[in-house]
>>> print(open('upload_12.tsv').read())   # TSV, C-alpha atoms and all ligand atoms
chain	number	residue	atom	x	y	z
A	47	MET	CA	0.00	0.00	0.00
A	48	THR	CA	1.30	3.48	-0.68
A	49	ASP	CA	0.39	6.29	1.61
A	50	ASP	CA	1.94	9.64	2.31
A	51	GLY	CA	2.87	8.80	5.89
A	52	THR	CA	-0.13	10.59	7.37
A	53	LEU	CA	-2.68	7.76	7.65
A	54	LEU	CA	-2.07	7.51	11.41
A	55	GLU	CA	-0.62	10.96	12.05
A	56	GLY	CA	-1.38	12.05	15.62
A	57	LYS	CA	-2.55	8.55	16.65
A	58	LYS	CA	-0.99	6.91	19.66
A	59	GLY	CA	-1.49	3.45	21.04
A	60	LEU	CA	-0.29	0.16	22.43
A	61	VAL	CA	1.06	-2.91	20.65
A	62	PHE	CA	1.11	-6.26	22.46
A	63	GLY	CA	3.02	-9.20	20.99
A	64	ILE	CA	6.44	-8.37	19.53
A	65	ALA	CA	8.69	-11.32	20.41
A	66	ASN	CA	11.22	-10.78	17.59
A	67	GLN	CA	11.61	-9.48	14.03
A	68	ARG	CA	9.47	-12.32	12.66
A	69	SER	CA	6.41	-11.56	14.83
A	70	TYR	CA	3.26	-10.31	13.13
A	71	ALA	CA	3.36	-7.45	15.66
A	72	TYR	CA	6.77	-6.42	14.30
A	73	TYR	CA	5.36	-5.95	10.78
A	74	ILE	CA	2.31	-4.20	12.22
A	75	THR	CA	4.55	-1.80	14.17
A	76	LYS	CA	6.63	-1.14	11.05
A	77	LYS	CA	3.49	-0.14	9.14
A	78	ILE	CA	2.12	1.96	12.03
A	79	LEU	CA	5.41	3.89	12.01
A	80	GLU	CA	5.38	4.29	8.22
A	81	ALA	CA	1.85	5.67	8.51
A	82	GLY	CA	2.97	8.32	11.02
A	83	GLY	CA	1.51	6.65	14.15
A	84	GLU	CA	3.11	6.46	17.58
A	85	PRO	CA	3.28	2.91	18.99
A	86	HIS	CA	4.09	2.00	22.60
A	87	PHE	CA	4.73	-1.54	23.70
A	88	SER	CA	4.08	-4.36	26.11
A	89	HIS	CA	6.04	-7.62	26.26
A	90	LEU	CA	6.00	-10.80	28.32
A	91	PRO	CA	7.83	-10.24	31.63
A	92	GLY	CA	11.53	-11.14	31.73
A	93	GLU	CA	14.82	-9.59	30.69
A	94	LYS	CA	15.11	-11.78	27.62
A	95	MET	CA	11.73	-10.64	26.28
A	96	GLU	CA	12.56	-7.02	27.06
A	97	ARG	CA	15.88	-7.31	25.21
A	98	ARG	CA	14.17	-8.89	22.21
A	99	LEU	CA	11.63	-6.08	22.05
A	100	VAL	CA	14.40	-3.47	22.29
A	101	ASP	CA	16.29	-5.21	19.45
A	102	ALA	CA	13.21	-5.49	17.26
A	103	THR	CA	12.10	-1.89	17.75
A	104	SER	CA	15.60	-0.48	17.31
A	105	ASP	CA	15.68	-2.33	14.00
A	106	LEU	CA	12.65	-0.15	13.15
A	107	GLY	CA	14.52	3.00	14.11
A	108	LEU	CA	12.98	3.46	17.56
A	109	GLU	CA	15.33	4.50	20.33
A	110	ASP	CA	14.25	3.95	23.92
A	111	PRO	CA	10.59	3.05	23.23
A	112	TRP	CA	7.99	3.16	26.00
A	113	MET	CA	7.33	-0.38	27.21
A	114	GLU	CA	5.78	-2.22	30.13
A	115	PRO	CA	5.93	-5.97	30.89
A	116	CYS	CA	2.65	-7.87	31.02
A	117	ASP	CA	1.48	-11.45	31.21
A	118	VAL	CA	-2.01	-11.00	29.77
A	119	SER	CA	-3.41	-13.71	32.04
A	120	GLU	CA	-2.73	-11.44	35.04
A	121	ASP	CA	-5.24	-8.65	35.70
A	122	GLU	CA	-2.69	-6.75	37.77
A	123	HIS	CA	-0.21	-6.70	34.91
A	124	LEU	CA	-2.86	-5.40	32.50
A	125	ASP	CA	-3.86	-2.73	35.02
A	126	ASN	CA	-0.22	-1.64	35.28
A	127	VAL	CA	0.18	-1.28	31.51
A	128	PHE	CA	-2.96	0.78	30.99
A	129	ASP	CA	-2.56	2.84	34.20
A	130	ARG	CA	1.04	3.69	33.41
A	131	TYR	CA	0.13	4.45	29.80
A	132	ALA	CA	-2.69	6.77	30.93
A	133	ASP	CA	-0.36	8.59	33.34
A	134	GLU	CA	2.63	8.92	31.04
A	135	ILE	CA	1.24	9.03	27.50
A	136	GLY	CA	-2.42	9.89	28.03
A	137	GLU	CA	-4.36	9.68	24.81
A	138	LEU	CA	-5.09	6.15	23.54
A	139	ASP	CA	-6.24	5.82	19.93
A	140	PHE	CA	-5.43	2.20	19.20
A	141	VAL	CA	-4.59	-1.19	20.70
A	142	VAL	CA	-3.04	-4.07	18.75
A	143	HIS	CA	-3.57	-7.51	20.30
A	144	SER	CA	-1.10	-9.93	18.67
A	145	VAL	CA	-0.82	-12.49	21.44
A	146	ALA	CA	-1.57	-16.20	21.64
A	147	PHE	CA	-0.45	-19.27	23.52
A	148	ALA	CA	-1.38	-22.95	23.75
A	149	ASP	CA	0.49	-25.93	25.15
A	150	ARG	CA	2.32	-27.37	22.13
A	151	ASP	CA	1.77	-30.93	23.42
A	152	TYR	CA	-1.85	-30.52	22.29
A	153	LEU	CA	-1.10	-28.94	18.90
A	154	LYS	CA	-0.52	-32.23	17.13
A	155	ASP	CA	-2.56	-33.64	14.27
A	156	GLY	CA	-5.19	-35.97	15.72
A	157	ASN	CA	-4.84	-35.19	19.41
A	158	PHE	CA	-7.45	-32.44	19.88
A	159	TRP	CA	-9.75	-34.96	21.57
A	160	GLU	CA	-7.14	-35.47	24.30
A	161	THR	CA	-7.03	-31.78	25.30
A	162	PRO	CA	-7.05	-31.56	29.11
A	163	ARG	CA	-9.01	-28.91	31.00
A	164	GLU	CA	-5.90	-26.93	31.99
A	165	ALA	CA	-4.60	-26.67	28.40
A	166	TRP	CA	-8.04	-25.52	27.21
A	167	THR	CA	-8.40	-22.92	29.97
A	168	GLU	CA	-4.89	-21.58	29.50
A	169	ALA	CA	-5.21	-21.25	25.71
A	170	LEU	CA	-8.61	-19.56	25.89
A	171	GLU	CA	-7.57	-17.22	28.69
A	172	ILE	CA	-4.32	-16.03	27.08
A	173	SER	CA	-5.45	-16.04	23.46
A	174	ALA	CA	-9.09	-14.90	23.67
A	175	TYR	CA	-10.18	-13.54	27.06
A	176	SER	CA	-7.17	-11.20	26.99
A	177	LEU	CA	-8.86	-9.24	24.18
A	178	VAL	CA	-11.89	-8.60	26.39
A	179	ALA	CA	-9.63	-7.71	29.32
A	180	MET	CA	-7.72	-5.22	27.15
A	181	ALA	CA	-10.92	-3.69	25.76
A	182	GLN	CA	-12.20	-3.11	29.32
A	183	ARG	CA	-9.11	-1.06	30.11
A	184	ALA	CA	-8.72	0.61	26.70
A	185	ALA	CA	-12.24	1.87	25.97
A	186	PRO	CA	-12.39	4.37	28.88
A	187	LEU	CA	-9.13	5.94	27.62
A	188	MET	CA	-10.22	6.22	23.99
A	189	ASP	CA	-12.23	9.42	24.22
A	190	GLY	CA	-14.94	8.62	21.70
A	191	ASN	CA	-12.71	7.44	18.83
A	192	GLY	CA	-10.64	4.30	19.16
A	193	SER	CA	-9.72	1.16	17.25
A	194	ILE	CA	-8.75	-2.27	18.58
A	195	VAL	CA	-7.36	-4.95	16.24
A	196	SER	CA	-6.40	-8.54	17.02
A	197	MET	CA	-4.94	-11.43	15.05
A	198	THR	CA	-6.76	-14.64	14.21
A	199	TYR	CA	-6.38	-17.59	11.81
A	200	TYR	CA	-8.58	-19.72	9.51
A	201	GLY	CA	-8.28	-22.63	11.97
A	202	GLY	CA	-10.89	-20.78	14.07
A	203	GLU	CA	-13.46	-21.26	11.28
A	204	LYS	CA	-12.60	-24.70	9.91
A	205	VAL	CA	-10.68	-27.73	11.11
A	206	VAL	CA	-6.98	-27.33	10.30
A	207	PRO	CA	-4.97	-30.39	11.35
A	208	GLY	CA	-2.87	-29.65	14.43
A	209	TYR	CA	-4.39	-26.21	15.11
A	210	ASN	CA	-6.67	-27.89	17.66
A	211	ILE	CA	-7.18	-25.93	20.88
A	212	MET	CA	-5.85	-22.78	19.22
A	213	GLY	CA	-8.73	-23.04	16.73
A	214	ILE	CA	-11.20	-23.03	19.61
A	215	ALA	CA	-9.44	-19.97	21.07
A	216	LYS	CA	-9.59	-18.19	17.69
A	217	ALA	CA	-13.31	-18.95	17.33
A	218	ALA	CA	-13.80	-17.35	20.76
A	219	LEU	CA	-11.61	-14.39	19.78
A	220	GLU	CA	-13.54	-13.80	16.55
A	221	HIS	CA	-16.93	-13.92	18.23
A	222	SER	CA	-15.68	-11.79	21.15
A	223	THR	CA	-14.73	-9.24	18.47
A	224	ARG	CA	-18.39	-9.07	17.39
A	225	TYR	CA	-19.77	-8.77	20.93
A	226	LEU	CA	-17.17	-6.16	21.85
A	227	ALA	CA	-17.98	-4.20	18.68
A	228	ALA	CA	-21.68	-4.26	19.61
A	229	ASP	CA	-21.05	-3.05	23.18
A	230	LEU	CA	-18.38	-0.46	22.43
A	231	GLY	CA	-19.84	1.09	19.26
A	232	GLU	CA	-21.71	3.70	21.28
A	233	LYS	CA	-18.39	4.76	22.81
A	234	GLY	CA	-16.90	5.24	19.34
A	235	VAL	CA	-14.62	2.23	19.74
A	236	ARG	CA	-14.26	-0.12	16.76
A	237	VAL	CA	-13.10	-3.71	17.24
A	238	ASN	CA	-11.88	-5.90	14.37
A	239	THR	CA	-9.73	-8.96	13.86
A	240	ILE	CA	-7.45	-9.95	10.99
A	241	SER	CA	-7.35	-13.53	9.80
A	242	GLY	CA	-3.78	-13.70	8.53
A	243	GLY	CA	-2.27	-16.39	6.36
A	244	PRO	CA	0.47	-18.57	7.85
A	245	LEU	CA	3.75	-16.81	8.59
A	246	LYS	CA	6.92	-18.44	9.97
A	247	THR	CA	6.86	-17.06	13.53
A	248	ALA	CA	7.70	-18.65	16.89
A	249	ALA	CA	4.00	-19.19	17.68
A	250	ALA	CA	3.33	-20.75	14.26
A	251	MET	CA	6.23	-23.18	14.58
A	252	ALA	CA	4.59	-24.68	17.69
A	253	VAL	CA	1.68	-25.91	15.57
A	254	GLY	CA	2.09	-29.46	14.28
A	255	GLY	CA	1.44	-29.47	10.53
A	256	ILE	CA	2.45	-25.84	9.93
A	257	ARG	CA	4.85	-26.80	7.13
A	258	GLU	CA	2.03	-28.41	5.14
A	259	MET	CA	-0.06	-25.26	5.67
A	260	PHE	CA	2.43	-23.18	3.66
A	261	ASP	CA	2.33	-25.64	0.75
A	262	ILE	CA	-1.44	-26.03	0.77
A	263	GLN	CA	-1.90	-22.25	0.98
A	264	GLU	CA	0.30	-21.76	-2.09
A	265	GLU	CA	-1.48	-24.49	-4.00
A	266	ARG	CA	-5.06	-23.48	-3.17
A	267	ALA	CA	-5.15	-19.73	-2.55
A	268	PRO	CA	-6.63	-17.76	-5.48
A	269	LEU	CA	-3.49	-15.60	-5.55
A	270	GLY	CA	-1.37	-18.77	-5.62
A	271	ARG	CA	1.01	-17.77	-2.86
A	272	ASN	CA	1.67	-17.25	0.81
A	273	ILE	CA	1.40	-13.78	2.30
A	274	GLU	CA	3.96	-11.27	3.57
A	275	GLY	CA	3.95	-9.85	7.10
A	276	ASP	CA	3.88	-6.36	5.57
A	277	GLU	CA	0.51	-7.12	3.95
A	278	VAL	CA	-1.02	-7.78	7.37
A	279	GLY	CA	0.76	-4.69	8.73
A	280	ASP	CA	-0.77	-2.49	6.02
A	281	THR	CA	-4.26	-3.82	6.72
A	282	VAL	CA	-3.91	-3.26	10.46
A	283	ALA	CA	-2.70	0.32	9.84
A	284	PHE	CA	-5.80	0.91	7.70
A	285	LEU	CA	-8.16	-0.56	10.34
A	286	LEU	CA	-6.56	1.61	13.02
A	287	SER	CA	-7.06	4.71	10.90
A	288	ASP	CA	-10.12	6.92	10.44
A	289	ARG	CA	-10.38	5.67	6.85
A	290	ALA	CA	-11.92	2.51	8.35
A	291	SER	CA	-14.41	4.57	10.38
A	292	ALA	CA	-17.45	2.42	9.40
A	293	ILE	CA	-15.78	-0.98	9.87
A	294	THR	CA	-16.33	-2.81	13.15
A	295	GLY	CA	-17.00	-6.36	14.33
A	296	GLU	CA	-15.28	-7.76	11.22
A	297	THR	CA	-12.93	-10.64	10.63
A	298	VAL	CA	-10.85	-9.36	7.71
A	299	HIS	CA	-9.01	-12.09	5.80
A	300	VAL	CA	-5.50	-11.23	4.66
A	301	ASP	CA	-4.77	-14.67	3.26
A	302	ALA	CA	-4.42	-14.32	-0.53
A	303	GLY	CA	-8.05	-15.53	-0.73
A	304	PHE	CA	-7.41	-18.96	0.81
A	305	SER	CA	-10.53	-18.87	3.02
A	306	VAL	CA	-12.98	-18.53	0.10
A	307	THR	CA	-11.92	-21.81	-1.50
A	308	GLY	CA	-13.60	-25.16	-0.88
A	309	MET	CA	-11.60	-27.69	-2.87
A	401	LIG	P1	4.89	-14.67	17.93
A	401	LIG	O1	5.35	-15.86	18.69
A	401	LIG	O2	5.90	-13.83	17.30
A	401	LIG	O3	3.94	-13.77	18.83
A	401	LIG	C1	3.12	-14.29	19.85
A	401	LIG	C2	3.25	-13.32	21.00
A	401	LIG	O4	2.38	-13.70	22.09
A	401	LIG	C3	4.66	-13.26	21.57
A	401	LIG	O5	5.11	-11.93	21.59
A	401	LIG	C4	4.50	-13.78	22.99
A	401	LIG	O6	5.40	-13.19	23.90
A	401	LIG	C5	3.07	-13.36	23.26
A	401	LIG	N1	2.49	-14.06	24.43
A	401	LIG	C6	2.29	-15.39	24.61
A	401	LIG	N2	1.75	-15.62	25.83
A	401	LIG	C7	1.60	-14.40	26.42
A	401	LIG	C8	1.12	-13.97	27.67
A	401	LIG	N3	0.66	-14.84	28.60
A	401	LIG	N4	1.13	-12.64	27.95
A	401	LIG	C9	1.61	-11.75	27.06
A	401	LIG	N5	2.07	-12.09	25.84
A	401	LIG	C10	2.08	-13.40	25.53
A	401	LIG	O7	3.89	-15.29	16.83
A	401	LIG	P2	2.87	-14.56	15.84
A	401	LIG	O8	2.59	-15.58	14.81
A	401	LIG	O9	3.37	-13.23	15.45
A	401	LIG	O10	1.56	-14.43	16.73
A	401	LIG	C11	0.86	-13.20	16.87
A	401	LIG	C12	-0.62	-13.40	16.65
A	401	LIG	O11	-0.84	-13.72	15.27
A	401	LIG	C13	-1.21	-14.56	17.47
A	401	LIG	O12	-2.52	-14.20	17.89
A	401	LIG	C14	-1.28	-15.67	16.42
A	401	LIG	O13	-2.22	-16.66	16.76
A	401	LIG	C15	-1.70	-14.85	15.21
A	401	LIG	N6	-1.58	-15.49	13.90
A	401	LIG	C16	-0.40	-16.04	13.52
A	401	LIG	C17	-0.31	-16.65	12.29
A	401	LIG	C18	0.98	-17.27	11.83
A	401	LIG	O14	0.97	-18.12	10.95
A	401	LIG	N7	2.11	-16.87	12.37
A	401	LIG	C19	-1.43	-16.69	11.42
A	401	LIG	C20	-2.60	-16.08	11.84
A	401	LIG	C21	-2.68	-15.50	13.09
>>> encode(input="upload_12.tsv", output="structure tokens", more="lines below")
Ligand code: NAD
Amino acid sequence: MTDDGTLLEGKKGLVFGIANQRSYAYYITKKILEAGGEPHFSHLPGEKMERRLVDATSDLGLEDPWMEPCDVSEDEHLDNVFDRYADEIGELDFVVHSVAFADRDYLKDGNFWETPREAWTEALEISAYSLVAMAQRAAPLMDGNGSIVSMTYYGGEKVVPGYNIMGIAKAALEHSTRYLAADLGEKGVRVNTISGGPLKTAAAMAVGGIREMFDIQEERAPLGRNIEGDEVGDTVAFLLSDRASAITGETVHVDAGFSVTGM
């Protein structure tokens, strides 16, 4: 996408989910910056995660970015991020939720039926409830015009071998997006999710069968290829901007058309 660097001019917000330069959130941040927006960050607690975020953002030309650690399954951590953001930055125009986790022992082709209660609860809490928890803290800071975007995958709509419990979490995330959009519309807050094609990230590599997904995507997608992280980044930047002012509650597929095919 070409834009003149003003799409997100004057817009400030929070990005959750940069683990390294391969993360979807890295590409999203790159495109927010190119569009003139001002991203601030949260990362999983721990020095290693902090260092990785510093490396990834310095690669994007950011020196000394604002960041706060947060395990999204902890209410206190989420409170800290949003309270500190409100005190130190103030205005909140956007939130990017690019976070997911499931126990990789249950991300194997054919073992969904063996999912234990704890693995289910953990995956749903970290990967889906966290969006609701963020929206609760973000909406009051958004001052009548805000945009929240999360990341989902086709395995939340259809059975994708090995995606298993993560597919259940994505189904919950996608439908939470609709309910949140319905509740928060009157506050001027839009909530959307992007269904991105497979990308070689740390989270993706935990899914059994991911390698086949890249081949099948290339073979079946109408555009005959896999997607680039930048293409998701561009779409997120658009959804965060006022040009998407009438779009809310949507699952937007950035998957080279893969999801419209049947055979
Ligand atoms: P990634 O591993 O780079 O990012 C996942 C992020 O989640 C990491 O930054 C990790 O630290 C964070 N995280 C995990 N548990 C957390 C917790 N308890 N608290 C806070 N943060 C936590 O992988 P990614 O592929 O960039 O994943 C980002 C999003 O994109 C996820 O929602 C993923 O499901 C989604 N997605 C990925 C693909 C793909 O093929 N890579 C496709 C579609 C959607």
>>> residues_near_point(input="upload_12.tsv", point="(-13.1, -22.6, 11.9)", cutoff="12 Å", atoms="only C-alpha atoms", output="NGL selection string")
:A and (198-207 or 209-221 or 241 or 305)
>>> closest_residue(input="upload_12.tsv", among="A:Glu171, A:Asp301, A:Asp50, A:Glu277", to="A:Asp121", atoms="only C-alpha atoms")
A:Glu171
>>> closest_residue(input="upload_12.tsv", among="A:Thr239, A:Thr247, A:Asn157, A:Thr223", to="ligand LIG 401 (chain A)", atoms="all atoms listed in the file")
A:Thr247
>>> atom_distance(input="upload_12.tsv", atom1="atom CA of A:Ala71", atom2="atom CA of A:Phe158")
27.6 Å
>>> closest_atom_pairs(input="upload_12.tsv", of="chain A", to="ligand LIG 401 (chain A)", cutoff="8 Å", atoms="only C-alpha atoms and all ligand atoms", output="CSV")
residue,atom,partner,partner_atom,distance
A:Phe62,CA,A:LIG401,N5,6.8
A:Gly63,CA,A:LIG401,O5,3.5
A:Ile64,CA,A:LIG401,O5,4.3
A:Ala65,CA,A:LIG401,O5,3.8
A:Asn66,CA,A:LIG401,O2,6.1
A:Gln67,CA,A:LIG401,O2,7.9
A:Arg68,CA,A:LIG401,O2,6.0
A:Ser69,CA,A:LIG401,O2,3.4
A:Tyr70,CA,A:LIG401,O9,3.7
A:Ala71,CA,A:LIG401,O9,5.8
A:Tyr72,CA,A:LIG401,O9,7.7
A:Ser88,CA,A:LIG401,C9,7.8
A:His89,CA,A:LIG401,N5,6.0
A:Leu90,CA,A:LIG401,C9,4.7
A:Pro91,CA,A:LIG401,C9,7.9
A:Met95,CA,A:LIG401,O6,7.2
A:Cys116,CA,A:LIG401,C9,5.6
A:Asp117,CA,A:LIG401,N4,3.5
A:Val118,CA,A:LIG401,N4,4.0
A:Ser119,CA,A:LIG401,N3,5.4
A:His143,CA,A:LIG401,O12,7.2
A:Ser144,CA,A:LIG401,C12,4.0
A:Val145,CA,A:LIG401,O4,3.5
A:Ala146,CA,A:LIG401,O12,4.4
A:Phe147,CA,A:LIG401,N2,4.8
A:Ile172,CA,A:LIG401,N3,5.3
A:Ser173,CA,A:LIG401,O12,6.6
A:Ser196,CA,A:LIG401,O12,6.9
A:Met197,CA,A:LIG401,O12,4.6
A:Thr198,CA,A:LIG401,C21,4.3
A:Tyr199,CA,A:LIG401,C20,4.1
A:Tyr200,CA,A:LIG401,C20,7.4
A:Met212,CA,A:LIG401,O13,7.5
A:Lys216,CA,A:LIG401,O13,7.6
A:Ile240,CA,A:LIG401,C21,7.6
A:Ser241,CA,A:LIG401,C20,5.8
A:Gly242,CA,A:LIG401,C20,4.2
A:Gly243,CA,A:LIG401,C19,5.1
A:Pro244,CA,A:LIG401,O14,3.2
A:Leu245,CA,A:LIG401,O14,3.9
A:Lys246,CA,A:LIG401,N7,5.6
A:Thr247,CA,A:LIG401,O8,4.7
A:Ala248,CA,A:LIG401,O1,4.1
A:Ala249,CA,A:LIG401,O1,3.7
A:Ala250,CA,A:LIG401,N7,4.5
A:Met251,CA,A:LIG401,N7,7.9
A:Ile256,CA,A:LIG401,O14,7.9
>>> closest_residue(input="upload_12.tsv", among="A:Ile293, A:Met113, A:Leu124, A:Val100", to="A:Ile194", atoms="only C-alpha atoms")
A:Ile293
>>> residues_around(input="upload_12.tsv", residues="A:Arg224", least_positions_apart="4", cutoff="8 Å", atoms="only C-alpha atoms", output="PyMOL selection string")
chain A and resi 220+228+237-238+294-296
>>> write_last_selection(input="upload_12.tsv", atoms="C-alpha atoms", output="short mmCIF file (atom, residue, chain, number, x, y, z; two decimals), keeping the file's coordinate frame")
data_model
loop_
_atom_site.label_atom_id
_atom_site.label_comp_id
_atom_site.auth_asym_id
_atom_site.auth_seq_id
_atom_site.Cartn_x
_atom_site.Cartn_y
_atom_site.Cartn_z
CA GLU A 220 -13.54 -13.80 16.55
CA ALA A 228 -21.68 -4.26 19.61
CA VAL A 237 -13.10 -3.71 17.24
CA ASN A 238 -11.88 -5.90 14.37
CA THR A 294 -16.33 -2.81 13.15
CA GLY A 295 -17.00 -6.36 14.33
CA GLU A 296 -15.28 -7.76 11.22
#
>>> closest_residue(input="upload_12.tsv", among="A:Gly208, A:Pro115, A:Lys233, A:Phe260", to="A:Trp159", atoms="all atoms listed in the file")
A:Gly208
>>> decode(input="upload_12.tsv", residues="stretch 197-213 of chain A", atoms="N, CA, C and O atoms", output="PDB file, in the first residue's frame")
ATOM      1  N   MET A 197      -5.376 -10.519  16.102  1.00  0.00           N
ATOM      2  CA  MET A 197      -4.942 -11.434  15.046  1.00  0.00           C
ATOM      3  C   MET A 197      -5.589 -12.810  15.236  1.00  0.00           C
ATOM      4  O   MET A 197      -5.524 -13.399  16.316  1.00  0.00           O
ATOM      5  N   THR A 198      -6.181 -13.314  14.144  1.00  0.00           N
ATOM      6  CA  THR A 198      -6.763 -14.644  14.209  1.00  0.00           C
ATOM      7  C   THR A 198      -6.269 -15.483  13.019  1.00  0.00           C
ATOM      8  O   THR A 198      -5.419 -15.039  12.253  1.00  0.00           O
ATOM      9  N   TYR A 199      -6.799 -16.701  12.901  1.00  0.00           N
ATOM     10  CA  TYR A 199      -6.384 -17.593  11.808  1.00  0.00           C
ATOM     11  C   TYR A 199      -7.577 -18.469  11.392  1.00  0.00           C
ATOM     12  O   TYR A 199      -8.472 -18.768  12.198  1.00  0.00           O
ATOM     13  N   TYR A 200      -7.551 -18.896  10.137  1.00  0.00           N
ATOM     14  CA  TYR A 200      -8.584 -19.719   9.508  1.00  0.00           C
ATOM     15  C   TYR A 200      -8.969 -20.956  10.334  1.00  0.00           C
ATOM     16  O   TYR A 200     -10.101 -21.424  10.292  1.00  0.00           O
ATOM     17  N   GLY A 201      -8.008 -21.464  11.122  1.00  0.00           N
ATOM     18  CA  GLY A 201      -8.279 -22.630  11.973  1.00  0.00           C
ATOM     19  C   GLY A 201      -9.324 -22.356  13.045  1.00  0.00           C
ATOM     20  O   GLY A 201      -9.757 -23.285  13.737  1.00  0.00           O
ATOM     21  N   GLY A 202      -9.772 -21.102  13.175  1.00  0.00           N
ATOM     22  CA  GLY A 202     -10.887 -20.777  14.072  1.00  0.00           C
ATOM     23  C   GLY A 202     -12.238 -20.940  13.387  1.00  0.00           C
ATOM     24  O   GLY A 202     -13.287 -20.907  14.036  1.00  0.00           O
ATOM     25  N   GLU A 203     -12.206 -21.097  12.036  1.00  0.00           N
ATOM     26  CA  GLU A 203     -13.461 -21.256  11.276  1.00  0.00           C
ATOM     27  C   GLU A 203     -13.652 -22.697  10.844  1.00  0.00           C
ATOM     28  O   GLU A 203     -14.770 -23.201  10.794  1.00  0.00           O
ATOM     29  N   LYS A 204     -12.565 -23.321  10.437  1.00  0.00           N
ATOM     30  CA  LYS A 204     -12.601 -24.700   9.914  1.00  0.00           C
ATOM     31  C   LYS A 204     -11.545 -25.527  10.628  1.00  0.00           C
ATOM     32  O   LYS A 204     -10.607 -24.976  11.206  1.00  0.00           O
ATOM     33  N   VAL A 205     -11.674 -26.842  10.489  1.00  0.00           N
ATOM     34  CA  VAL A 205     -10.682 -27.728  11.111  1.00  0.00           C
ATOM     35  C   VAL A 205      -9.390 -27.705  10.295  1.00  0.00           C
ATOM     36  O   VAL A 205      -9.392 -28.003   9.102  1.00  0.00           O
ATOM     37  N   VAL A 206      -8.315 -27.296  10.923  1.00  0.00           N
ATOM     38  CA  VAL A 206      -6.984 -27.327  10.304  1.00  0.00           C
ATOM     39  C   VAL A 206      -6.148 -28.282  11.154  1.00  0.00           C
ATOM     40  O   VAL A 206      -5.983 -28.045  12.357  1.00  0.00           O
ATOM     41  N   PRO A 207      -5.665 -29.381  10.557  1.00  0.00           N
ATOM     42  CA  PRO A 207      -4.967 -30.394  11.355  1.00  0.00           C
ATOM     43  C   PRO A 207      -3.854 -29.796  12.221  1.00  0.00           C
ATOM     44  O   PRO A 207      -3.010 -29.053  11.731  1.00  0.00           O
ATOM     45  N   GLY A 208      -3.907 -30.107  13.514  1.00  0.00           N
ATOM     46  CA  GLY A 208      -2.868 -29.649  14.431  1.00  0.00           C
ATOM     47  C   GLY A 208      -3.167 -28.302  15.085  1.00  0.00           C
ATOM     48  O   GLY A 208      -2.533 -27.948  16.073  1.00  0.00           O
ATOM     49  N   TYR A 209      -4.108 -27.539  14.522  1.00  0.00           N
ATOM     50  CA  TYR A 209      -4.385 -26.206  15.108  1.00  0.00           C
ATOM     51  C   TYR A 209      -5.202 -26.353  16.400  1.00  0.00           C
ATOM     52  O   TYR A 209      -5.113 -25.534  17.313  1.00  0.00           O
ATOM     53  N   ASN A 210      -6.036 -27.381  16.437  1.00  0.00           N
ATOM     54  CA  ASN A 210      -6.668 -27.887  17.661  1.00  0.00           C
ATOM     55  C   ASN A 210      -7.213 -26.823  18.609  1.00  0.00           C
ATOM     56  O   ASN A 210      -8.046 -26.010  18.239  1.00  0.00           O
ATOM     57  N   ILE A 211      -6.705 -26.818  19.818  1.00  0.00           N
ATOM     58  CA  ILE A 211      -7.181 -25.928  20.879  1.00  0.00           C
ATOM     59  C   ILE A 211      -7.044 -24.455  20.479  1.00  0.00           C
ATOM     60  O   ILE A 211      -7.863 -23.610  20.854  1.00  0.00           O
ATOM     61  N   MET A 212      -6.023 -24.160  19.668  1.00  0.00           N
ATOM     62  CA  MET A 212      -5.853 -22.775  19.224  1.00  0.00           C
ATOM     63  C   MET A 212      -7.020 -22.362  18.313  1.00  0.00           C
ATOM     64  O   MET A 212      -7.428 -21.208  18.303  1.00  0.00           O
ATOM     65  N   GLY A 213      -7.551 -23.329  17.561  1.00  0.00           N
ATOM     66  CA  GLY A 213      -8.727 -23.039  16.729  1.00  0.00           C
ATOM     67  C   GLY A 213      -9.931 -22.665  17.576  1.00  0.00           C
ATOM     68  O   GLY A 213     -10.716 -21.773  17.218  1.00  0.00           O
TER      69      GLY A 213
END
